[in-house]
Structure formats: structure tokens, C-alpha cells
Amino acid sequence: RVKLHDSATLPCAGTCSGVAKWTVLQKPSEVLAECDQTSCRSVKEGYQMNRDQYLKRNFSLIITDADYSTKTWFTCKCDDRNICDVDVETYPLRTTLKIEVGESLVLGINISAPVEVLYNSTGGAGPSRVQICTVNGGSLQSNPEYEQRANLISDLPPVLELRRMIPSDSGVYWIVDKNSGEDIHIYTVTVEITPKAQSPHFEGRVSVCLLASVTSGRF
């Protein structure tokens with residue numbers, strides 16, 4: 001597993017006297033990087049091989065910026081002979097947010113694949129997680145309890161807004177890839193009652209949105 005936006009090295013060793021090339025397993029005709037006895041070539045931006053390592057029979061592929069598009073199987077071949085297959089997975093992003101009563105919680109979906117948005121007031125995993133909605137690109141399907149509060153405020157990439165947050169909404173929110181079941185982003189959210197919120201003049205209709213940065217809080 002690799003951290004999102006970190007570099008990753010896909011290990012591969014063997015013998016090859018011809019051209020060693022890396023592709024995505026499902027797209028064998030689309031070369032990412034390749035090496036032979038004289039030189040190496042980065043065919044697609046973000047993918048590299050090292051000639052000195054090639055001469056030592058090390059055909060490792062360097063991914064300079066791992067993102068969700070690299071969550072797949074890669075294969076290295078030598079003149080159409082398979083040498084290595086490597087599966088790349090990324091750690092989920094983690095973000096901690098504190099917002100005030102009446103504000104909106106905004107959750108970045110991060111991927112275009114279908115996802116579930118799950119919630120648990122205690123942060124526990126498993127059956128106790130409640131589904132808020134599913135998101136597929138620009139399409140939103142909310143559970144009845146959240147129909148009046150959930151809204152997509154962007155679809156490229158999808159961004160989900162939950163309006164009118166209250167203290168009982170504090171807890172952990174998961175963005176989960178429906179196809180793989182993997183956690184994509186985990187938000188730990190605290191909804192705070194401020195002196196302003198306790199004032200009899202406070203109407204609890206603040207429309208401020210806090211957008212969780214894709215890059216914040218990862219480790």
C-alpha cells in the first residue's frame with residue numbers, strides 16, 4: 001500500500017535481454033514506461049524506469065504521484081513474456097473536522113467510481129455503520145432520513161453537502177468504494193455548540209460550508 005500522492009516503487013526482478021515494459025494489466029497495449037540495453041523511456045507522464053537498475057536485472061517501475069487511478073494491477077513484460085504482476089493499493093485519506101451547529105458538512109468524494117457514504121456516531125466499523133447515500137458521478141441517491149439534508153454541490157469530482165448539522169451528527173463518516181469495498185476517505189467530525197449557537201437570537205441556519213481538502217489530515 002502507498003499513501004495518496006506519494007511516490008511508489010513497484011518491485012520487479014528477472015531476466016530480459018530485450019525490451020522490458022510496464023502496462024496496466026487490463027490495458028496491455030498502453031505502455032507506461034520501457035527500458036532496453038541502451039536507454040529507458042517514460043511513455044506516460046508519472047511513470048519511470050531506471051536504466052542502471054535495468055542492467056542489474058531490476059525492472060522496478062516508479063510511480064511519481066500515486067492517486068486513485070493507480071489503484072490497479074500492473075504488469076511488466078519482456079518482449080511479451082510476463083515477468084511481474086503487482087497490485088497497488090492506497091491508504092485512505094483521514095481528515096478531522098470541527099464545525100458549528102447549523103453549518104454544513106462538506107465531504108470530498110475524491111473518485112468518480114460509485115461510492116457509499118457511511119456514518120457512525122461512535123466511529124465503530126461493521127454493521128453499526130449507517131448508509132447516508134450512494135454517489136455515482138453526478139448522481140445522488142439518499143436514504144429517506146437524509147433526503148432533505150444531502151446535496152451534491154459539485155460533480156467533477158463529486159462533493160457532498162450535509163446541511164444543518166447538529167451535535168448528534170458528530171462521529172465518523174466513511175467514503176467507501178462500492179466496487180472494491182475499500183475505504184477512500186475517513187472523516188472524524190465534531191459538531192460544536194458555540195456561545196453564538198446558544199443565544200436566543202441564533203436561528204441555526206448558517207450556510208457556511210467547510211470544504212475538506214483532499215490533501216489535509218493524511219498520514
# chains A, B, ... in the order shown; residues from 1 in each chain; ligands from 1
>>> residues_around(residues="A:Asp6", least_positions_apart="3", cutoff="12 Å", atoms="only C-alpha atoms", output="list in words")
Arg1, Val2, Lys3, Thr9, Gly46, Ile62, Ile63, Thr64, Asp65, Ala66, Asp67, Tyr68, Thr70, Thr90, Tyr91, Thr215, Arg218 and Phe219 of chain A
>>> residues_around(residues="A:Arg51", least_positions_apart="5", cutoff="7 Å", atoms="only C-alpha atoms", output="ChimeraX atom specification")
/A:35,39-40
>>> select_by_dssp(residues="stretch 9-209 of chain A", states="helix (DSSP H, G or I)", output="MDAnalysis selection string")
chainID A and resid 51:55 68:70 126:128 144:146 167:169 195:198
>>> write_last_selection(atoms="C-alpha atoms", output="CSV table (one decimal), in the first residue's frame")
chain,number,residue,atom,x,y,z
A,51,ARG,CA,18.5,2.0,-17.0
A,52,ASP,CA,21.2,1.4,-14.4
A,53,GLN,CA,18.7,-0.8,-12.5
A,54,TYR,CA,17.6,-2.5,-15.7
A,55,LEU,CA,21.2,-3.6,-16.3
A,68,TYR,CA,-6.8,6.6,-7.2
A,69,SER,CA,-6.2,5.9,-10.9
A,70,THR,CA,-3.2,3.8,-9.9
A,126,GLY,CA,-19.0,-3.1,10.8
A,127,PRO,CA,-22.8,-3.4,10.8
A,128,SER,CA,-23.2,-0.4,13.1
A,144,PRO,CA,-35.0,8.8,3.3
A,145,GLU,CA,-33.7,10.2,6.6
A,146,TYR,CA,-31.2,12.4,4.7
A,167,PRO,CA,-24.3,17.7,17.8
A,168,SER,CA,-25.8,14.2,17.3
A,169,ASP,CA,-24.3,14.3,13.8
A,195,PRO,CA,-22.0,30.7,22.6
A,196,LYS,CA,-23.5,32.1,19.4
A,197,ALA,CA,-25.5,28.9,18.9
A,198,GLN,CA,-26.8,29.1,22.5
>>> closest_residue(among="A:Ile175, A:Val135, A:Leu162, A:Ala33", to="A:Gln148", atoms="only C-alpha atoms")
A:Leu162
>>> closest_residue(among="A:Val172, A:Cys16, A:Ala8, A:Val130", to="A:Thr96", atoms="only C-alpha atoms")
A:Val172
>>> residues_around(residues="A:Ser104", least_positions_apart="4", cutoff="6 Å", atoms="only C-alpha atoms", output="list in words")
Leu162, Arg163, Arg164, Met165 and Cys209 of chain A
>>> closest_residue(among="A:Asn179, A:Asn151, A:Thr72, A:Gln141", to="A:Pro114", atoms="only C-alpha atoms")
A:Asn179
>>> residues_around(residues="A:Phe74", least_positions_apart="5", cutoff="10 Å", atoms="only C-alpha atoms", output="tab-separated table (two decimals) with N, CA, C and O atoms, in the first residue's frame")
chain	number	residue	atom	x	y	z
A	10	LEU	N	7.25	-0.06	-7.72
A	10	LEU	CA	6.71	-1.40	-7.91
A	10	LEU	C	7.88	-2.34	-8.20
A	10	LEU	O	8.53	-2.23	-9.25
A	22	TRP	N	6.26	-1.77	-18.89
A	22	TRP	CA	5.17	-1.84	-17.91
A	22	TRP	C	3.87	-1.35	-18.54
A	22	TRP	O	3.86	-0.36	-19.27
A	23	THR	N	2.78	-2.05	-18.22
A	23	THR	CA	1.44	-1.63	-18.63
A	23	THR	C	0.49	-1.88	-17.47
A	23	THR	O	0.82	-2.57	-16.50
A	24	VAL	N	-0.69	-1.29	-17.56
A	24	VAL	CA	-1.79	-1.69	-16.68
A	24	VAL	C	-2.30	-3.04	-17.19
A	24	VAL	O	-2.44	-3.23	-18.39
A	25	LEU	N	-2.57	-3.95	-16.28
A	25	LEU	CA	-2.90	-5.31	-16.67
A	25	LEU	C	-4.09	-5.36	-17.62
A	25	LEU	O	-4.10	-6.13	-18.58
A	26	GLN	N	-5.10	-4.50	-17.37
A	26	GLN	CA	-6.31	-4.52	-18.20
A	26	GLN	C	-6.12	-3.79	-19.53
A	26	GLN	O	-7.00	-3.85	-20.40
A	27	LYS	N	-4.99	-3.07	-19.69
A	27	LYS	CA	-4.74	-2.32	-20.93
A	27	LYS	C	-3.34	-2.64	-21.45
A	27	LYS	O	-2.45	-1.79	-21.44
A	28	PRO	N	-3.13	-3.84	-21.92
A	28	PRO	CA	-1.78	-4.28	-22.30
A	28	PRO	C	-1.17	-3.52	-23.47
A	28	PRO	O	0.05	-3.55	-23.65
A	32	LEU	N	3.41	2.22	-20.23
A	32	LEU	CA	3.65	3.31	-19.29
A	32	LEU	C	5.12	3.74	-19.31
A	32	LEU	O	5.43	4.93	-19.30
A	61	LEU	N	9.21	-0.29	-11.48
A	61	LEU	CA	8.52	0.87	-12.03
A	61	LEU	C	8.32	1.89	-10.92
A	61	LEU	O	7.86	1.55	-9.82
A	84	CYS	N	6.43	-9.82	-14.13
A	84	CYS	CA	5.87	-9.49	-12.82
A	84	CYS	C	4.45	-8.95	-12.96
A	84	CYS	O	4.13	-8.25	-13.93
A	85	ASP	N	3.63	-9.25	-11.96
A	85	ASP	CA	2.33	-8.61	-11.78
A	85	ASP	C	2.31	-8.01	-10.38
A	85	ASP	O	2.64	-8.70	-9.41
A	86	VAL	N	1.95	-6.73	-10.28
A	86	VAL	CA	1.97	-6.04	-8.98
A	86	VAL	C	0.65	-5.32	-8.77
A	86	VAL	O	0.19	-4.58	-9.66
A	87	ASP	N	0.04	-5.50	-7.61
A	87	ASP	CA	-1.21	-4.84	-7.26
A	87	ASP	C	-0.89	-3.62	-6.39
A	87	ASP	O	-0.16	-3.72	-5.41
A	88	VAL	N	-1.45	-2.46	-6.75
A	88	VAL	CA	-1.21	-1.23	-6.00
A	88	VAL	C	-2.49	-0.83	-5.25
A	88	VAL	O	-3.56	-0.74	-5.86
>>> closest_residue(among="A:Glu147, A:Val43, A:Lys71, A:Ile132", to="A:Tyr119", atoms="only C-alpha atoms")
A:Ile132
>>> closest_residue(among="A:Val176, A:Ala150, A:Ile111, A:Leu4", to="A:Arg129", atoms="only C-alpha atoms")
A:Val176
>>> residues_around(residues="A:Asn82", least_positions_apart="5", cutoff="10 Å", atoms="only C-alpha atoms", output="list in words")
Ala20, Lys21, Thr75, Cys76 and Lys77 of chain A
>>> closest_residue(among="A:Gly181, A:Gly171, A:Gly108, A:Gly102", to="A:Pro158", atoms="only C-alpha atoms")
A:Gly108
>>> select_by_dssp(residues="stretch 42-134 of chain A", states="strand (DSSP E or B)", output="VMD selection string")
chain A and resid 42 47 to 48 58 61 to 63 73 to 78 81 to 87 90 93 to 100 104 to 108 115 to 120 130 to 134
>>> atom_distance(atom1="atom CA of A:Lys178", atom2="atom CA of A:Ser139")
14.1 Å
